$ cat query25.txt   # compact mmCIF, C-alpha atoms
# COMPACT_ATOMS: atom_id res chain seq x y z
CA MET V 1 -30.75 57.84 -4.64
CA THR V 2 -29.32 55.90 -1.72
CA ILE V 3 -26.19 54.04 -2.76
CA ARG V 4 -25.80 50.67 -1.06
CA GLN V 5 -23.47 48.86 -3.44
CA ILE V 6 -20.22 50.20 -4.87
CA ALA V 7 -17.88 48.39 -7.25
CA ILE V 8 -14.22 49.32 -7.58
CA VAL V 9 -12.55 48.21 -10.79
CA ALA V 10 -8.76 48.34 -10.44
CA ASP V 11 -5.81 47.69 -12.71
CA ASP V 12 -3.96 45.48 -10.22
CA LEU V 13 -4.58 43.65 -6.97
CA THR V 14 -2.83 45.89 -4.46
CA GLY V 15 -4.58 48.89 -6.01
CA ALA V 16 -7.88 47.08 -5.65
CA THR V 17 -7.24 46.54 -1.95
CA ASP V 18 -5.85 49.98 -1.07
CA SER V 19 -8.89 51.66 -2.62
CA VAL V 20 -11.56 49.41 -1.13
CA LEU V 21 -9.79 50.00 2.19
CA GLN V 22 -11.03 53.60 2.04
CA PHE V 23 -14.60 52.30 1.94
CA HIS V 24 -13.95 49.99 4.88
CA GLU V 25 -12.66 53.01 6.80
CA ALA V 26 -15.93 54.84 6.08
CA GLY V 27 -17.98 51.96 7.45
CA TRP V 28 -18.77 49.95 4.34
CA ASP V 29 -18.53 46.16 4.41
CA ALA V 30 -15.53 45.76 2.08
CA TYR V 31 -14.32 42.82 0.01
CA LEU V 32 -11.75 42.15 -2.68
CA LEU V 33 -13.23 39.59 -5.08
CA MET V 34 -10.79 37.17 -6.66
CA GLY V 35 -13.04 35.84 -9.40
CA LEU V 36 -16.73 35.09 -9.68
CA PRO V 37 -19.08 37.30 -7.62
CA LEU V 38 -19.21 36.13 -4.00
CA ASP V 39 -22.50 35.99 -2.12
CA VAL V 40 -21.66 38.23 0.83
CA GLY V 41 -25.21 39.30 1.61
CA ALA V 42 -26.94 42.63 1.17
CA ASP V 43 -27.74 43.62 4.75
CA SER V 44 -25.11 46.37 4.86
CA ASP V 45 -23.62 49.03 2.65
CA ARG V 46 -21.20 46.98 0.59
CA ALA V 47 -18.10 47.88 -1.43
CA THR V 48 -16.50 45.21 -3.58
CA SER V 49 -13.29 45.52 -5.52
CA CYS V 50 -11.77 43.48 -8.33
CA SER V 51 -8.54 43.55 -10.29
CA THR V 52 -8.59 43.43 -14.09
CA ASP V 53 -4.82 42.84 -14.06
CA SER V 54 -4.67 45.26 -16.97
CA ARG V 55 -1.84 47.63 -16.08
CA ALA V 56 0.67 46.07 -18.48
CA LEU V 57 -1.85 45.33 -21.25
CA SER V 58 -2.15 47.19 -24.55
CA THR V 59 -4.65 50.04 -24.72
CA HIS V 60 -7.11 47.91 -26.69
CA LYS V 61 -6.91 44.87 -24.40
CA ALA V 62 -7.12 47.02 -21.27
CA ALA V 63 -10.24 48.72 -22.62
CA GLU V 64 -11.84 45.38 -23.40
CA ARG V 65 -11.06 43.87 -20.01
CA THR V 66 -12.18 46.97 -18.10
CA GLN V 67 -15.42 47.16 -20.07
CA GLN V 68 -16.16 43.54 -19.18
CA ALA V 69 -15.43 44.16 -15.50
CA VAL V 70 -17.71 47.21 -15.34
CA CYS V 71 -20.52 45.34 -17.10
CA SER V 72 -20.10 42.43 -14.68
CA ALA V 73 -20.19 44.76 -11.67
CA LEU V 74 -23.34 46.48 -12.88
CA GLY V 75 -24.94 43.11 -13.57
CA SER V 76 -24.19 42.10 -9.97
CA GLY V 77 -26.09 45.09 -8.60
CA ALA V 78 -23.46 47.82 -8.25
CA GLN V 79 -25.06 51.26 -8.27
CA GLN V 80 -21.86 53.23 -8.76
CA ILE V 81 -18.40 52.51 -10.13
CA TYR V 82 -15.00 53.75 -9.03
CA LEU V 83 -12.23 53.17 -11.57
CA LYS V 84 -8.97 52.74 -9.68
CA ILE V 85 -5.81 53.60 -11.64
CA ASP V 86 -2.18 53.73 -10.61
CA SER V 87 -1.43 56.84 -8.56
CA THR V 88 1.67 57.44 -10.70
CA MET V 89 -0.22 56.79 -13.97
CA ARG V 90 1.74 53.68 -14.91
CA GLY V 91 0.30 51.44 -17.56
CA SER V 92 -2.76 51.40 -19.78
CA VAL V 93 -4.72 54.18 -18.07
CA ALA V 94 -6.23 55.60 -21.27
CA GLY V 95 -7.51 52.17 -22.28
CA GLN V 96 -8.99 51.51 -18.85
CA ILE V 97 -10.89 54.80 -18.96
CA SER V 98 -12.16 54.11 -22.47
CA GLY V 99 -13.45 50.69 -21.47
CA ALA V 100 -15.20 51.95 -18.34
CA LEU V 101 -16.88 54.78 -20.24
CA SER V 102 -18.03 52.44 -22.97
CA ALA V 103 -19.81 50.21 -20.45
CA TRP V 104 -21.20 52.98 -18.24
CA ARG V 105 -22.51 55.09 -21.11
CA ARG V 106 -24.88 52.35 -22.20
CA ALA V 107 -27.09 53.43 -19.31
CA HIS V 108 -25.78 56.98 -18.83
CA PRO V 109 -24.94 58.41 -22.28
CA ALA V 110 -23.94 61.86 -20.98
CA ALA V 111 -21.39 60.51 -18.52
CA LYS V 112 -17.81 61.78 -18.35
CA ALA V 113 -14.74 60.30 -16.74
CA VAL V 114 -13.40 62.59 -14.01
CA VAL V 115 -9.73 61.77 -13.46
CA CYS V 116 -7.50 62.60 -10.51
CA SER V 117 -4.80 60.14 -9.49
CA ALA V 118 -3.49 62.39 -6.71
CA TYR V 119 -2.77 60.80 -3.33
CA PRO V 120 -1.21 63.59 -1.22
CA ALA V 121 -0.65 61.31 1.78
CA MET V 122 1.70 59.29 -0.44
CA GLY V 123 3.34 62.33 -2.07
CA ARG V 124 1.37 62.12 -5.33
CA THR V 125 -0.07 65.48 -6.42
CA ILE V 126 -1.33 67.08 -9.63
CA GLN V 127 -0.43 70.70 -10.32
CA ASN V 128 -1.24 72.55 -13.54
CA GLY V 129 -2.07 69.25 -15.18
CA ARG V 130 1.29 67.69 -14.27
CA LEU V 131 1.73 64.68 -12.01
CA LEU V 132 4.33 65.12 -9.28
CA VAL V 133 5.81 62.64 -6.82
CA ASN V 134 7.19 64.31 -3.70
CA GLY V 135 7.26 67.61 -5.58
CA ALA V 136 9.19 66.40 -8.65
CA ASP V 137 7.93 65.26 -12.04
CA VAL V 138 6.74 61.65 -11.99
CA THR V 139 9.23 60.90 -14.77
CA ASP V 140 12.04 61.55 -12.27
CA SER V 141 10.56 59.09 -9.75
CA PRO V 142 10.84 55.27 -9.72
CA ALA V 143 7.66 55.22 -11.84
CA GLY V 144 9.65 56.79 -14.65
CA ARG V 145 12.14 53.91 -14.42
CA ASP V 146 9.57 51.14 -14.04
CA PRO V 147 10.86 48.07 -15.92
CA VAL V 148 7.42 47.15 -17.28
CA THR V 149 5.30 50.31 -17.53
CA PRO V 150 7.54 53.40 -17.29
CA VAL V 151 5.81 56.79 -17.26
CA THR V 152 7.27 58.88 -20.09
CA THR V 153 5.68 62.27 -19.41
CA SER V 154 4.26 64.15 -16.44
CA ALA V 155 1.52 65.84 -18.51
CA LEU V 156 -1.74 64.01 -17.86
CA THR V 157 -3.40 65.20 -21.05
CA ALA V 158 -0.54 63.58 -22.96
CA LEU V 159 -1.02 60.32 -21.07
CA ILE V 160 -4.78 60.47 -21.75
CA PRO V 161 -5.19 61.77 -25.33
CA GLY V 162 -8.27 63.94 -25.78
CA ALA V 163 -8.59 64.83 -22.11
CA VAL V 164 -8.90 68.40 -20.87
CA SER V 165 -7.48 69.75 -17.62
CA LEU V 166 -9.27 71.79 -14.93
CA LEU V 167 -8.30 73.45 -11.65
CA PRO V 168 -10.33 72.36 -8.60
CA GLY V 169 -11.12 75.74 -7.05
CA SER V 170 -12.95 75.80 -3.73
CA ASP V 171 -16.60 75.55 -4.86
CA PRO V 172 -17.87 72.03 -5.65
CA GLU V 173 -20.92 73.35 -7.52
CA LYS V 174 -18.80 75.49 -9.83
CA LEU V 175 -16.43 72.59 -10.42
CA ALA V 176 -19.34 70.28 -11.25
CA TRP V 177 -20.62 72.87 -13.73
CA ALA V 178 -17.16 73.20 -15.31
CA ILE V 179 -16.90 69.42 -15.70
CA ARG V 180 -20.31 69.29 -17.39
CA ALA V 181 -19.35 72.16 -19.70
CA ALA V 182 -15.96 70.73 -20.64
CA GLY V 183 -15.78 69.82 -24.31
CA ALA V 184 -14.34 66.36 -23.71
CA GLU V 185 -15.52 63.05 -22.30
CA VAL V 186 -12.45 62.82 -20.05
CA VAL V 187 -11.65 65.62 -17.60
CA VAL V 188 -8.47 65.74 -15.51
CA VAL V 189 -8.62 67.78 -12.29
CA ASP V 190 -5.69 69.13 -10.27
CA ALA V 191 -5.30 68.26 -6.57
CA THR V 192 -2.40 69.11 -4.30
CA SER V 193 -4.09 68.47 -0.94
CA ASP V 194 -6.79 66.42 0.74
CA GLU V 195 -8.92 69.58 0.73
CA ASP V 196 -8.74 69.67 -3.08
CA LEU V 197 -9.80 66.02 -3.19
CA GLN V 198 -12.75 66.79 -0.91
CA VAL V 199 -13.95 69.54 -3.27
CA LEU V 200 -13.59 67.21 -6.24
CA ALA V 201 -15.42 64.39 -4.45
CA GLU V 202 -18.33 66.72 -3.69
CA ALA V 203 -18.43 67.79 -7.35
CA VAL V 204 -18.43 64.16 -8.49
CA SER V 205 -21.19 63.36 -6.02
CA ALA V 206 -23.24 66.27 -7.38
CA LEU V 207 -22.82 64.93 -10.93
CA GLY V 208 -24.28 61.61 -9.85
CA MET V 209 -24.47 58.98 -12.58
CA ASP V 210 -23.07 61.43 -15.13
CA ALA V 211 -19.57 60.97 -13.70
CA ILE V 212 -17.25 58.01 -13.45
CA PRO V 213 -14.63 58.93 -10.85
CA VAL V 214 -11.17 57.73 -11.85
CA GLY V 215 -8.32 57.88 -9.39
CA SER V 216 -6.27 56.30 -6.65
CA ALA V 217 -7.04 55.63 -3.01
CA GLY V 218 -6.70 59.40 -2.51
CA LEU V 219 -9.99 60.31 -4.22
CA ALA V 220 -11.66 57.10 -3.03
CA ALA V 221 -11.45 58.23 0.61
CA PRO V 222 -13.74 61.30 0.49
CA LEU V 223 -16.10 59.61 -1.98
CA ALA V 224 -16.52 56.69 0.41
CA GLN V 225 -17.70 59.13 3.07
CA LEU V 226 -19.99 61.10 0.77
CA TRP V 227 -21.64 58.12 -0.90
CA ARG V 228 -22.38 56.48 2.42
CA GLY V 229 -23.53 59.66 4.12
CA ARG V 230 -22.06 58.76 7.49
CA ALA V 231 -18.79 57.48 8.87
CA ARG V 232 -18.04 54.85 11.47
CA SER V 233 -14.73 54.59 13.26
CA ARG V 234 -13.26 51.11 13.01
CA SER V 235 -10.43 49.40 14.77
CA SER V 236 -9.51 45.79 15.35
CA LYS V 237 -7.26 43.97 17.75
CA ILE V 238 -5.63 40.95 16.18
CA ALA V 239 -4.02 38.00 17.87
CA PRO V 240 -0.50 37.23 16.68
CA PRO V 241 -0.62 34.22 14.37
CA GLY V 242 1.82 32.23 16.49
CA ALA V 243 3.15 30.21 13.58
CA GLY V 244 4.99 33.20 12.17
CA VAL V 245 4.78 35.28 9.00
CA THR V 246 5.64 34.61 5.38
CA VAL V 247 6.50 37.72 3.35
CA LEU V 248 6.50 37.87 -0.45
CA VAL V 249 8.33 40.81 -2.04
CA SER V 250 7.63 40.44 -5.75
CA SER V 251 7.92 44.18 -6.43
CA LEU V 252 11.17 45.53 -7.83
CA HIS V 253 10.26 49.07 -6.77
CA ASP V 254 13.08 50.93 -5.03
CA VAL V 255 10.81 51.65 -2.05
CA ALA V 256 9.95 47.97 -1.55
CA LEU V 257 13.61 46.96 -1.64
CA ARG V 258 14.59 49.64 0.88
CA GLN V 259 11.78 48.51 3.18
CA LEU V 260 13.00 44.92 3.04
CA ALA V 261 16.55 45.98 3.83
CA HIS V 262 15.29 47.93 6.86
CA ALA V 263 13.25 44.96 8.09
CA GLN V 264 16.33 42.74 7.86
CA THR V 265 18.23 45.08 10.17
CA VAL V 266 15.32 45.26 12.64
CA PHE V 267 14.44 41.56 12.83
CA GLY V 268 17.90 40.10 12.28
CA SER V 269 18.07 36.43 13.22
CA ARG V 270 14.28 36.15 13.30
CA MET V 271 14.22 36.42 9.51
CA GLN V 272 15.24 33.92 6.84
CA ILE V 273 15.44 34.94 3.18
CA LEU V 274 14.62 32.61 0.30
CA THR V 275 15.35 33.59 -3.30
CA GLN V 276 13.14 32.45 -6.15
CA ASP V 277 15.48 29.52 -6.85
CA GLY V 278 14.81 28.20 -3.34
CA ALA V 279 18.20 29.09 -1.85
CA ILE V 280 18.18 30.18 1.79
CA GLN V 281 20.28 33.30 2.28
CA LYS V 282 19.93 33.29 6.05
CA ASN V 283 18.52 30.64 8.36
CA THR V 284 18.53 30.31 12.13
CA ASP V 285 16.62 28.20 14.62
CA SER V 286 14.93 31.34 15.93
CA ALA V 287 13.57 32.47 12.56
CA ASP V 288 9.79 33.00 12.58
CA ILE V 289 9.68 35.27 9.51
CA THR V 290 10.28 33.79 6.07
CA VAL V 291 10.84 36.14 3.14
CA VAL V 292 10.43 35.06 -0.47
CA ARG V 293 11.83 37.68 -2.79
CA SER V 294 12.91 38.35 -6.33
CA ILE V 295 16.59 38.08 -7.17
CA GLY V 296 16.24 41.45 -8.89
CA ASP V 297 16.37 40.44 -12.56
CA ARG V 298 14.54 43.29 -14.31
CA GLU V 299 14.86 41.52 -17.67
CA GLU V 300 12.70 38.59 -16.59
CA ASN V 301 9.04 38.39 -17.58
CA PRO V 302 7.19 39.87 -14.56
CA ARG V 303 4.31 37.41 -14.74
CA GLU V 304 6.59 34.38 -14.89
CA MET V 305 8.58 35.74 -11.97
CA ALA V 306 5.41 36.36 -9.94
CA ASP V 307 4.12 32.85 -10.62
CA ARG V 308 7.41 31.25 -9.59
CA LEU V 309 7.60 33.29 -6.40
CA ALA V 310 3.98 32.46 -5.58
CA ARG V 311 4.69 28.75 -5.88
CA GLN V 312 7.58 29.22 -3.45
CA VAL V 313 5.28 30.99 -0.98
CA VAL V 314 2.63 28.28 -1.14
CA ALA V 315 5.27 25.59 -0.64
CA THR V 316 6.68 27.48 2.35
CA LEU V 317 3.45 28.64 4.02
CA GLU V 318 2.50 26.71 7.14
CA SER V 319 -0.93 26.42 8.70
CA GLY V 320 -1.64 29.38 10.98
CA GLN V 321 0.97 31.67 9.45
CA ALA V 322 0.11 35.19 8.33
CA LEU V 323 1.04 36.66 4.95
CA ILE V 324 2.43 39.97 3.78
CA LEU V 325 2.27 40.37 0.00
CA VAL V 326 4.27 43.29 -1.45
CA GLY V 327 3.57 43.89 -5.14
CA GLY V 328 0.38 43.33 -7.12
CA ASP V 329 1.51 40.59 -9.53
CA GLY V 330 2.88 38.40 -6.76
CA ALA V 331 -0.14 38.99 -4.54
CA GLN V 332 -2.51 38.00 -7.34
CA ALA V 333 -0.55 34.84 -8.17
CA THR V 334 -0.28 33.78 -4.53
CA LEU V 335 -3.95 34.24 -3.69
CA ASP V 336 -4.92 32.41 -6.88
CA LEU V 337 -2.74 29.43 -5.92
CA LEU V 338 -4.20 29.42 -2.41
CA GLY V 339 -7.69 29.17 -3.88
CA ALA V 340 -8.89 32.36 -2.20
CA GLN V 341 -12.35 33.48 -3.28
CA ALA V 342 -12.05 36.91 -1.69
CA LEU V 343 -10.34 39.04 0.91
CA HIS V 344 -12.55 40.49 3.64
CA LEU V 345 -11.04 43.75 4.86
CA VAL V 346 -10.65 44.01 8.61
CA ALA V 347 -8.55 47.10 9.35
CA ARG V 348 -6.02 49.61 8.07
CA ALA V 349 -2.52 48.41 8.89
CA ALA V 350 -0.90 51.57 7.46
CA GLU V 351 -1.79 54.35 5.04
CA GLY V 352 -3.11 52.62 1.92
CA VAL V 353 -2.29 49.19 3.36
CA PRO V 354 -5.18 46.92 4.45
CA LEU V 355 -5.23 43.98 6.82
CA SER V 356 -7.65 41.32 5.57
CA GLN V 357 -8.66 37.72 6.03
CA ILE V 358 -8.79 35.17 3.23
CA VAL V 359 -12.27 33.89 2.36
CA GLY V 360 -12.43 30.38 0.91
CA GLY V 361 -9.80 27.81 0.04
CA ALA V 362 -7.55 25.76 2.27
CA HIS V 363 -6.27 28.89 4.04
CA ASP V 364 -9.67 30.40 4.83
CA GLY V 365 -9.35 32.91 7.67
CA THR V 366 -5.62 33.52 7.20
CA TRP V 367 -4.48 37.04 8.01
CA VAL V 368 -3.00 38.80 4.98
CA ILE V 369 -1.58 42.27 4.41
CA THR V 370 -1.34 43.50 0.81
CA LYS V 371 0.85 46.46 -0.10
CA SER V 372 1.83 48.22 -3.29
CA GLY V 373 5.58 48.11 -3.76
CA GLY V 374 5.87 51.90 -3.97
CA PHE V 375 3.82 52.73 -0.87
CA GLY V 376 5.11 53.71 2.51
CA ALA V 377 8.23 54.88 4.30
CA GLU V 378 11.44 52.93 4.80
CA THR V 379 10.07 51.58 8.10
CA THR V 380 6.67 50.43 6.78
CA LEU V 381 7.43 46.73 6.28
CA SER V 382 9.04 46.54 9.73
CA GLU V 383 5.93 48.11 11.25
CA LEU V 384 3.65 45.65 9.44
CA LEU V 385 5.73 42.73 10.69
CA THR V 386 5.49 44.07 14.22
CA ILE V 387 1.69 44.14 13.96
CA LEU V 388 1.54 40.53 12.83
CA THR V 389 4.16 39.14 15.22
CA THR V 390 3.01 40.91 18.38
CA GLY V 391 -0.66 41.64 17.76
CA GLY V 392 -2.25 44.89 18.74
CA LYS V 393 -4.83 47.44 17.73
CA VAL V 394 -4.85 48.57 14.09

$ encode --input "query25.txt" --output "structure tokens"
Amino acid sequence: MTIRQIAIVADDLTGATDSVLQFHEAGWDAYLLMGLPLDVGADSDRATSCSTDSRALSTHKAAERTQQAVCSALGSGAQQIYLKIDSTMRGSVAGQISGALSAWRRAHPAAKAVVCSAYPAMGRTIQNGRLLVNGADVTDSPAGRDPVTPVTTSALTALIPGAVSLLPGSDPEKLAWAIRAAGAEVVVVDATSDEDLQVLAEAVSALGMDAIPVGSAGLAAPLAQLWRGRARSRSSKIAPPGAGVTVLVSSLHDVALRQLAHAQTVFGSRMQILTQDGAIQKNTDSADITVVRSIGDREENPREMADRLARQVVATLESGQALILVGGDGAQATLDLLGAQALHLVARAAEGVPLSQIVGGAHDGTWVITKSGGFGAETTLSELLTILTTGGKV
């Protein structure tokens, strides 16, 4: 069967964008949908992504919301589903898998969920059923200290009760057979390299409708190539927005905060910082970059904080400015307030970081970069700002 329409169901907004980016890279026409299905035509291979905003929900509520999202995607014509989970397994992963299986099995009763959250390019690997970040247990990483959804064990079968664990091997056909023969409806597969992910993707492709792939942008990349059957190199040259850039850092992740500190040293007087109470920490006549950020209160309700920061962004944003949104909750709240119907992916700004344009609302056509708080090196935010303030090929 030729697959023309793919739906990615993700647990948060930045995850939804970093995974659908992999499909854009493989030549699919790629969109993040913000709400109701958007009529984007059917003349090309299309990948659409949505966020259930379920990471911090209970297992039951996450299952319910994910089930609804999968049913909606199938009703809109999607021929295959990719369930995007957090690469460090934060949040209600077991519930999300349960909900997706419940919906998918109505049409494909023998289907299994094939889980691999590995993303080697970002230091996330799975070895002997344990999730590692940069070679250490995930519990020793910032994900283990997450203020909302801390990861309490590195053993994936403990995080997903009832799952069984398999090694990838080097033969996709043998791996597909092992997945079929596994005595569980959820199978976790090791991956320590992109080559392992390629083998797994080929096994998933061989299983067809009897597999729901569950993972991060890492597994999405080879699947995007296999499901489309051909790749197309893409690059875009953007014009600098001229009016400057507004940056929202709603994430409290250590990586995001280090990236902001680095950008402050690089851009100096060109940057002004606003806290969520509206105070300006630094302001100069030459500032063309405005940063709205959290004051770092980990005790505050994350959703309330995201909503308040988003209101600050919308009040600050000028016509023609570009946006960088760091952190899923803040990105979701900001795009909702702007009335965006969708994001149309244009290019890869960095590994796992898409450059898009807003579709719909008063800021239709605005350039926007969305980034997970934990993604990238210390220099990543500075590099993204350089792209948007100088233009160039991405």

$ closest_residue --input "query25.txt" --among "V:Ser154, V:Thr379, V:Gln312, V:Ser51" --to "Val247 (chain V)" --atoms "all atoms listed in the file"
V:Gln312

$ closest_atom_pairs --input "query25.txt" --of "region 15-114 of chain V" --to "region 145-151 of chain V" --cutoff "7 Å" --atoms "all atoms listed in the file" --output "JSON lines"
{"residue": "V:Ala56", "atom": "CA", "partner": "V:Thr149", "partner_atom": "CA", "distance": 6.3}
{"residue": "V:Met89", "atom": "CA", "partner": "V:Val151", "partner_atom": "CA", "distance": 6.9}
{"residue": "V:Arg90", "atom": "CA", "partner": "V:Thr149", "partner_atom": "CA", "distance": 5.6}
{"residue": "V:Gly91", "atom": "CA", "partner": "V:Thr149", "partner_atom": "CA", "distance": 5.1}

$ closest_residue --input "query25.txt" --among "V:Thr88, V:Ser102, V:Thr125, V:Gln225" --to "Cys71 (chain V)" --atoms "all atoms listed in the file"
V:Ser102

$ residues_around --input "query25.txt" --residues "Gln259 (chain V)" --least-positions-apart "3" --cutoff "9 Å" --atoms "all atoms listed in the file" --output "ChimeraX atom specification"
/V:254-256,262-264,376-382

$ atom_distance --input "query25.txt" --atom1 "CA of Ser76 (chain V)" --atom2 "CA of Ala30 (chain V)"
15.3 Å

$ closest_residue --input "query25.txt" --among "V:Gly215, V:Gly35, V:Pro120, V:Pro109" --to "Ile97 (chain V)" --atoms "only C-alpha atoms"
V:Gly215

$ closest_residue --input "query25.txt" --among "V:Ala201, V:Ile179, V:Ala224, V:Leu207" --to "Gln5 (chain V)" --atoms "only C-alpha atoms"
V:Ala224

$ residues_around --input "query25.txt" --residues "region 347-356 of chain V" --least-positions-apart "4" --cutoff "10 Å" --atoms "all atoms listed in the file" --output "NGL selection string"
:V and (14-15 or 17-22 or 24-25 or 30-32 or 119 or 121-122 or 216-218 or 234-238 or 323-324 or 342-343 or 365-372 or 375-376 or 380-381 or 383-384 or 387-388 or 393-394)

$ atom_distance --input "query25.txt" --atom1 "CA of Leu156 (chain V)" --atom2 "CA of Ala94 (chain V)"
10.1 Å

$ atom_distance --input "query25.txt" --atom1 "CA of Gly244 (chain V)" --atom2 "CA of Leu309 (chain V)"
18.8 Å

$ residues_around --input "query25.txt" --residues "region 127-139 of chain V" --least-positions-apart "6" --cutoff "8 Å" --atoms "only C-alpha atoms" --output "ChimeraX atom specification"
/V:88,118,145,151-157,165-167,188-192

$ closest_residue --input "query25.txt" --among "V:Val187, V:Met305, V:Leu317, V:Leu159" --to "Ile212 (chain V)" --atoms "all atoms listed in the file"
V:Val187
